[in-house]
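Here is the file coords-v1.pdb (PDB, C-alpha atoms and all ligand atoms).
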```pdb
ATOM      1  CA  MET A 189       8.034  16.117 -46.534  1.00  0.00           C
ATOM      2  CA  VAL A 190       9.551  14.039 -43.819  1.00  0.00           C
ATOM      3  CA  THR A 191       7.719  13.662 -40.554  1.00  0.00           C
ATOM      4  CA  GLN A 192       7.404  11.174 -37.769  1.00  0.00           C
ATOM      5  CA  THR A 193       4.209   9.209 -37.874  1.00  0.00           C
ATOM      6  CA  ARG A 194       2.810   7.243 -35.007  1.00  0.00           C
ATOM      7  CA  GLU A 195       0.977   3.993 -35.217  1.00  0.00           C
ATOM      8  CA  CYS A 196      -2.557   4.270 -33.961  1.00  0.00           C
ATOM      9  CA  VAL A 197      -2.816   1.282 -31.681  1.00  0.00           C
ATOM     10  CA  GLY A 198      -6.380   0.491 -30.842  1.00  0.00           C
ATOM     11  CA  ILE A 199      -7.621   4.080 -31.024  1.00  0.00           C
ATOM     12  CA  SER A 200     -11.262   4.066 -32.029  1.00  0.00           C
ATOM     13  CA  GLU A 201     -13.894   6.763 -32.386  1.00  0.00           C
ATOM     14  CA  GLU A 202     -15.629   5.141 -29.427  1.00  0.00           C
ATOM     15  CA  LEU A 203     -12.527   5.614 -27.271  1.00  0.00           C
ATOM     16  CA  LEU A 204     -12.239   9.279 -28.228  1.00  0.00           C
ATOM     17  CA  GLU A 205     -15.933   9.855 -27.533  1.00  0.00           C
ATOM     18  CA  ALA A 206     -15.632   8.078 -24.181  1.00  0.00           C
ATOM     19  CA  ILE A 207     -12.678  10.292 -23.214  1.00  0.00           C
ATOM     20  CA  GLN A 208     -14.540  13.448 -24.218  1.00  0.00           C
ATOM     21  CA  GLY A 209     -17.617  12.281 -22.351  1.00  0.00           C
ATOM     22  CA  LEU A 210     -15.960  11.225 -19.094  1.00  0.00           C
ATOM     23  CA  PRO A 211     -18.019  12.819 -16.325  1.00  0.00           C
ATOM     24  CA  LEU A 212     -16.211  15.412 -14.235  1.00  0.00           C
ATOM     25  CA  HIS A 213     -17.249  13.626 -11.058  1.00  0.00           C
ATOM     26  CA  ARG A 214     -17.699  10.053 -10.028  1.00  0.00           C
ATOM     27  CA  TYR A 215     -20.632   9.393  -7.743  1.00  0.00           C
ATOM     28  CA  VAL A 216     -20.314   6.689  -5.137  1.00  0.00           C
ATOM     29  CA  GLU A 217     -23.062   5.564  -2.813  1.00  0.00           C
ATOM     30  CA  HIS A 218     -22.327   4.004   0.572  1.00  0.00           C
ATOM     31  CA  CYS A 219     -24.244   3.884   3.842  1.00  0.00           C
ATOM     32  CA  GLY A 220     -27.097   5.639   2.085  1.00  0.00           C
ATOM     33  CA  GLN A 221     -24.905   8.619   1.305  1.00  0.00           C
ATOM     34  CA  LYS A 222     -23.863   9.784  -2.112  1.00  0.00           C
ATOM     35  CA  LEU A 223     -20.242  10.929  -2.442  1.00  0.00           C
ATOM     36  CA  GLN A 224     -18.808  12.998  -5.254  1.00  0.00           C
ATOM     37  CA  VAL A 225     -15.157  12.325  -6.065  1.00  0.00           C
ATOM     38  CA  SER A 226     -12.647  12.904  -8.824  1.00  0.00           C
ATOM     39  CA  PRO A 227     -12.961  10.407 -11.661  1.00  0.00           C
ATOM     40  CA  PHE A 228      -9.267   9.615 -11.199  1.00  0.00           C
ATOM     41  CA  GLU A 229      -9.321   8.603  -7.532  1.00  0.00           C
ATOM     42  CA  PHE A 230      -8.534   4.967  -6.822  1.00  0.00           C
ATOM     43  CA  TYR A 231     -10.199   5.084  -3.415  1.00  0.00           C
ATOM     44  CA  ALA A 232     -12.748   7.118  -1.497  1.00  0.00           C
ATOM     45  CA  LEU A 233     -13.459   7.126   2.213  1.00  0.00           C
ATOM     46  CA  CYS A 234     -17.040   6.789   3.281  1.00  0.00           C
ATOM     47  CA  PRO A 235     -17.628   9.740   5.624  1.00  0.00           C
ATOM     48  CA  ARG A 236     -20.176   7.776   7.604  1.00  0.00           C
ATOM     49  CA  CYS A 237     -18.502   4.409   8.283  1.00  0.00           C
ATOM     50  CA  GLY A 238     -14.915   5.208   7.298  1.00  0.00           C
ATOM     51  CA  GLU A 239     -14.665   2.294   4.901  1.00  0.00           C
ATOM     52  CA  ARG A 240     -12.115   2.666   2.135  1.00  0.00           C
ATOM     53  CA  LEU A 241     -13.996   2.145  -1.111  1.00  0.00           C
ATOM     54  CA  LYS A 242     -12.100   0.957  -4.159  1.00  0.00           C
ATOM     55  CA  LEU A 243     -13.118   2.845  -7.291  1.00  0.00           C
ATOM     56  CA  ARG A 244     -10.570   1.868  -9.929  1.00  0.00           C
ATOM     57  CA  GLY A 245      -8.319  -0.977 -10.954  1.00  0.00           C
ATOM     58  CA  PHE A 246     -10.752  -3.857 -10.583  1.00  0.00           C
ATOM     59  CA  SER A 247      -9.289  -5.951 -13.354  1.00  0.00           C
ATOM     60  CA  GLY A 248      -6.002  -6.355 -15.143  1.00  0.00           C
ATOM     61  CA  VAL A 249      -7.322  -4.613 -18.228  1.00  0.00           C
ATOM     62  CA  PRO A 250      -6.731  -0.915 -18.821  1.00  0.00           C
ATOM     63  CA  GLU A 251      -9.588   1.409 -17.948  1.00  0.00           C
ATOM     64  CA  LEU A 252     -10.579   4.711 -19.483  1.00  0.00           C
ATOM     65  CA  GLU A 253      -8.981   6.557 -16.565  1.00  0.00           C
ATOM     66  CA  ASP A 254      -5.671   4.860 -17.395  1.00  0.00           C
ATOM     67  CA  VAL A 255      -5.696   6.692 -20.737  1.00  0.00           C
ATOM     68  CA  PHE A 256      -5.914   9.976 -18.835  1.00  0.00           C
ATOM     69  CA  ASP A 257      -3.089   8.894 -16.521  1.00  0.00           C
ATOM     70  CA  ALA A 258      -0.912   8.175 -19.560  1.00  0.00           C
ATOM     71  CA  VAL A 259      -1.646  11.641 -20.938  1.00  0.00           C
ATOM     72  CA  PHE A 260      -1.031  13.257 -17.543  1.00  0.00           C
ATOM     73  CA  SER A 261       2.316  11.462 -17.346  1.00  0.00           C
ATOM     74  CA  TRP A 262       3.204  12.733 -20.798  1.00  0.00           C
ATOM     75  CA  MET A 263       2.232  16.259 -19.718  1.00  0.00           C
ATOM     76  CA  ASN A 264       4.504  16.007 -16.686  1.00  0.00           C
ATOM     77  CA  GLN A 265       7.651  15.821 -18.769  1.00  0.00           C
ATOM     78  CA  PRO A 266       9.682  19.033 -19.028  1.00  0.00           C
ATOM     79  CA  GLY A 267       8.566  21.207 -21.935  1.00  0.00           C
ATOM     80  CA  ALA A 268       5.228  19.472 -22.468  1.00  0.00           C
ATOM     81  CA  ALA A 269       3.168  22.087 -20.640  1.00  0.00           C
ATOM     82  CA  LYS A 270       3.737  24.719 -23.337  1.00  0.00           C
ATOM     83  CA  PHE A 271       2.457  22.439 -26.100  1.00  0.00           C
ATOM     84  CA  SER A 272      -0.518  21.168 -24.149  1.00  0.00           C
ATOM     85  CA  GLU A 273      -1.519  24.715 -23.196  1.00  0.00           C
ATOM     86  CA  GLN A 274      -1.275  25.836 -26.829  1.00  0.00           C
ATOM     87  CA  ARG A 275      -3.387  22.899 -27.977  1.00  0.00           C
ATOM     88  CA  ARG A 276      -5.962  23.332 -25.213  1.00  0.00           C
ATOM     89  CA  ALA A 277      -6.333  27.028 -26.080  1.00  0.00           C
ATOM     90  CA  LEU A 278      -6.829  26.167 -29.749  1.00  0.00           C
ATOM     91  CA  LEU A 279      -9.396  23.468 -28.966  1.00  0.00           C
ATOM     92  CA  GLU A 280     -11.230  25.851 -26.647  1.00  0.00           C
ATOM     93  CA  SER A 281     -11.396  28.496 -29.385  1.00  0.00           C
ATOM     94  CA  GLU A 282     -12.856  25.915 -31.787  1.00  0.00           C
ATOM     95  CA  GLU A 283     -15.646  24.836 -29.431  1.00  0.00           C
TER      96      GLU A 283
HETATM   97 ZN    ZN B   1     -20.133   3.674   4.551  1.00  0.00          ZN
END
```

If you took the structure in this file and wrote it as structure tokens, what would it be?
Amino acid sequence: MVTQTRECVGISEELLEAIQGLPLHRYVEHCGQKLQVSPFEFYALCPRCGERLKLRGFSGVPELEDVFDAVFSWMNQPGAAKFSEQRRALLESEE
């Protein structure tokens, strides 16, 4: 059998568990108010004082959300939606 194999660069069980466990919302507190935003937002606006709050990209090192962005970018290429939908349906049926 001939198939393409990919090198697994730095993929650990911990990374996979962290991806699966990423909360659906990020909670930010400012001016005594708790905001609920997407985990992928880089910024949020405080509704009380209007300050723009930075939520991602604090250091030069990749963050967990960057892994999602890489996957989202992959999914944006033509033809990828069919495969990701098939895989998601299969994973959902296995849960
Ligand atoms: Zn505020």

Would you compute the distance between atom CA of Pro211 of chain A and atom CA of Ala258 of chain A? Give it in Å to one decimal.
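Between these atoms lies a distance of 18.0 Å.
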
As a check of understanding: the span from atom CA of Met263 of chain A to atom CA of Ile207 of chain A is 16.4 Å

Could you check the closest approach to Phe256 of chain A for each of A:Lys242, A:Ala206, A:Gly220, A:Met189 and tell me which residue wins, using all atoms listed in the file?
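Counting all atoms listed in the file, the residue closest to Phe256 of chain A is A:Ala206.
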
Give the answer as one residue: which of A:Ser247, A:Gln274, A:Asn264, A:Gln221 has the shortest atom-to-atom distance to ligand ZN 1 (chain B), using all atoms listed in the file?
A:Gln221

12 Å shell around ligand ZN 1 (chain B) using all atoms listed in the file, listed as a VMD selection string:
chain A and resid 216 to 223 232 to 241

Written selection (C-alpha atoms) as a PDB file, in the frame of the given file:
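Below is the file that was written, selection36.pdb:
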```pdb
ATOM      1  CA  VAL A 216     -20.314   6.689  -5.137  1.00  0.00           C
ATOM      2  CA  GLU A 217     -23.062   5.564  -2.813  1.00  0.00           C
ATOM      3  CA  HIS A 218     -22.327   4.004   0.572  1.00  0.00           C
ATOM      4  CA  CYS A 219     -24.244   3.884   3.842  1.00  0.00           C
ATOM      5  CA  GLY A 220     -27.097   5.639   2.085  1.00  0.00           C
ATOM      6  CA  GLN A 221     -24.905   8.619   1.305  1.00  0.00           C
ATOM      7  CA  LYS A 222     -23.863   9.784  -2.112  1.00  0.00           C
ATOM      8  CA  LEU A 223     -20.242  10.929  -2.442  1.00  0.00           C
ATOM      9  CA  ALA A 232     -12.748   7.118  -1.497  1.00  0.00           C
ATOM     10  CA  LEU A 233     -13.459   7.126   2.213  1.00  0.00           C
ATOM     11  CA  CYS A 234     -17.040   6.789   3.281  1.00  0.00           C
ATOM     12  CA  PRO A 235     -17.628   9.740   5.624  1.00  0.00           C
ATOM     13  CA  ARG A 236     -20.176   7.776   7.604  1.00  0.00           C
ATOM     14  CA  CYS A 237     -18.502   4.409   8.283  1.00  0.00           C
ATOM     15  CA  GLY A 238     -14.915   5.208   7.298  1.00  0.00           C
ATOM     16  CA  GLU A 239     -14.665   2.294   4.901  1.00  0.00           C
ATOM     17  CA  ARG A 240     -12.115   2.666   2.135  1.00  0.00           C
ATOM     18  CA  LEU A 241     -13.996   2.145  -1.111  1.00  0.00           C
TER      19      LEU A 241
END
```

Return as AutoDock Vina command-line options the box centre and box size in Å, one decimal, for an axis-aligned box around all listed atoms of segment 225-242 of chain A padded by 6 Å per side.
```
--center_x -14.4 --center_y 6.9 --center_z -1.7 --size_x 23.6 --size_y 23.9 --size_z 31.9
```

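The residues that lie within 12 Å of the point (-13.1, 15.4, -11.5), counting all atoms listed in the file, are A:Leu210, A:Pro211, A:Leu212, A:His213, A:Arg214, A:Tyr215, A:Gln224, A:Val225, A:Ser226, A:Pro227, A:Phe228, A:Glu229, A:Glu253, A:Phe256.
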
For the selection you just gave me, I'd like the residues written to a file as a PDB file, keeping the file's coordinate frame, keeping C-alpha atoms.
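Result file is part_29.pdb:
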```pdb
ATOM      1  CA  LEU A 210     -15.960  11.225 -19.094  1.00  0.00           C
ATOM      2  CA  PRO A 211     -18.019  12.819 -16.325  1.00  0.00           C
ATOM      3  CA  LEU A 212     -16.211  15.412 -14.235  1.00  0.00           C
ATOM      4  CA  HIS A 213     -17.249  13.626 -11.058  1.00  0.00           C
ATOM      5  CA  ARG A 214     -17.699  10.053 -10.028  1.00  0.00           C
ATOM      6  CA  TYR A 215     -20.632   9.393  -7.743  1.00  0.00           C
ATOM      7  CA  GLN A 224     -18.808  12.998  -5.254  1.00  0.00           C
ATOM      8  CA  VAL A 225     -15.157  12.325  -6.065  1.00  0.00           C
ATOM      9  CA  SER A 226     -12.647  12.904  -8.824  1.00  0.00           C
ATOM     10  CA  PRO A 227     -12.961  10.407 -11.661  1.00  0.00           C
ATOM     11  CA  PHE A 228      -9.267   9.615 -11.199  1.00  0.00           C
ATOM     12  CA  GLU A 229      -9.321   8.603  -7.532  1.00  0.00           C
ATOM     13  CA  GLU A 253      -8.981   6.557 -16.565  1.00  0.00           C
ATOM     14  CA  PHE A 256      -5.914   9.976 -18.835  1.00  0.00           C
TER      15      PHE A 256
END
```

Quick check, in Å to one decimal: how far apart do atom CA of Ser272 of chain A and atom CA of Arg244 of chain A lie?
26.0 Å

Counting only C-alpha atoms, figure out which residue out of A:Asp254, A:Ala277, A:Phe246, A:Phe271 gets nearest to Tyr231 of chain A.
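Selected residue with least distance to Tyr231 of chain A: A:Phe246.
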
Fewer than 6 positions away in the same chain doesn't count, so skip those; otherwise give me all residues within 10 Å of segment 198-203 of chain A, counting all atoms listed in the file, as a list of chain:residue names.
A:Gly209, A:Leu252, A:Val255
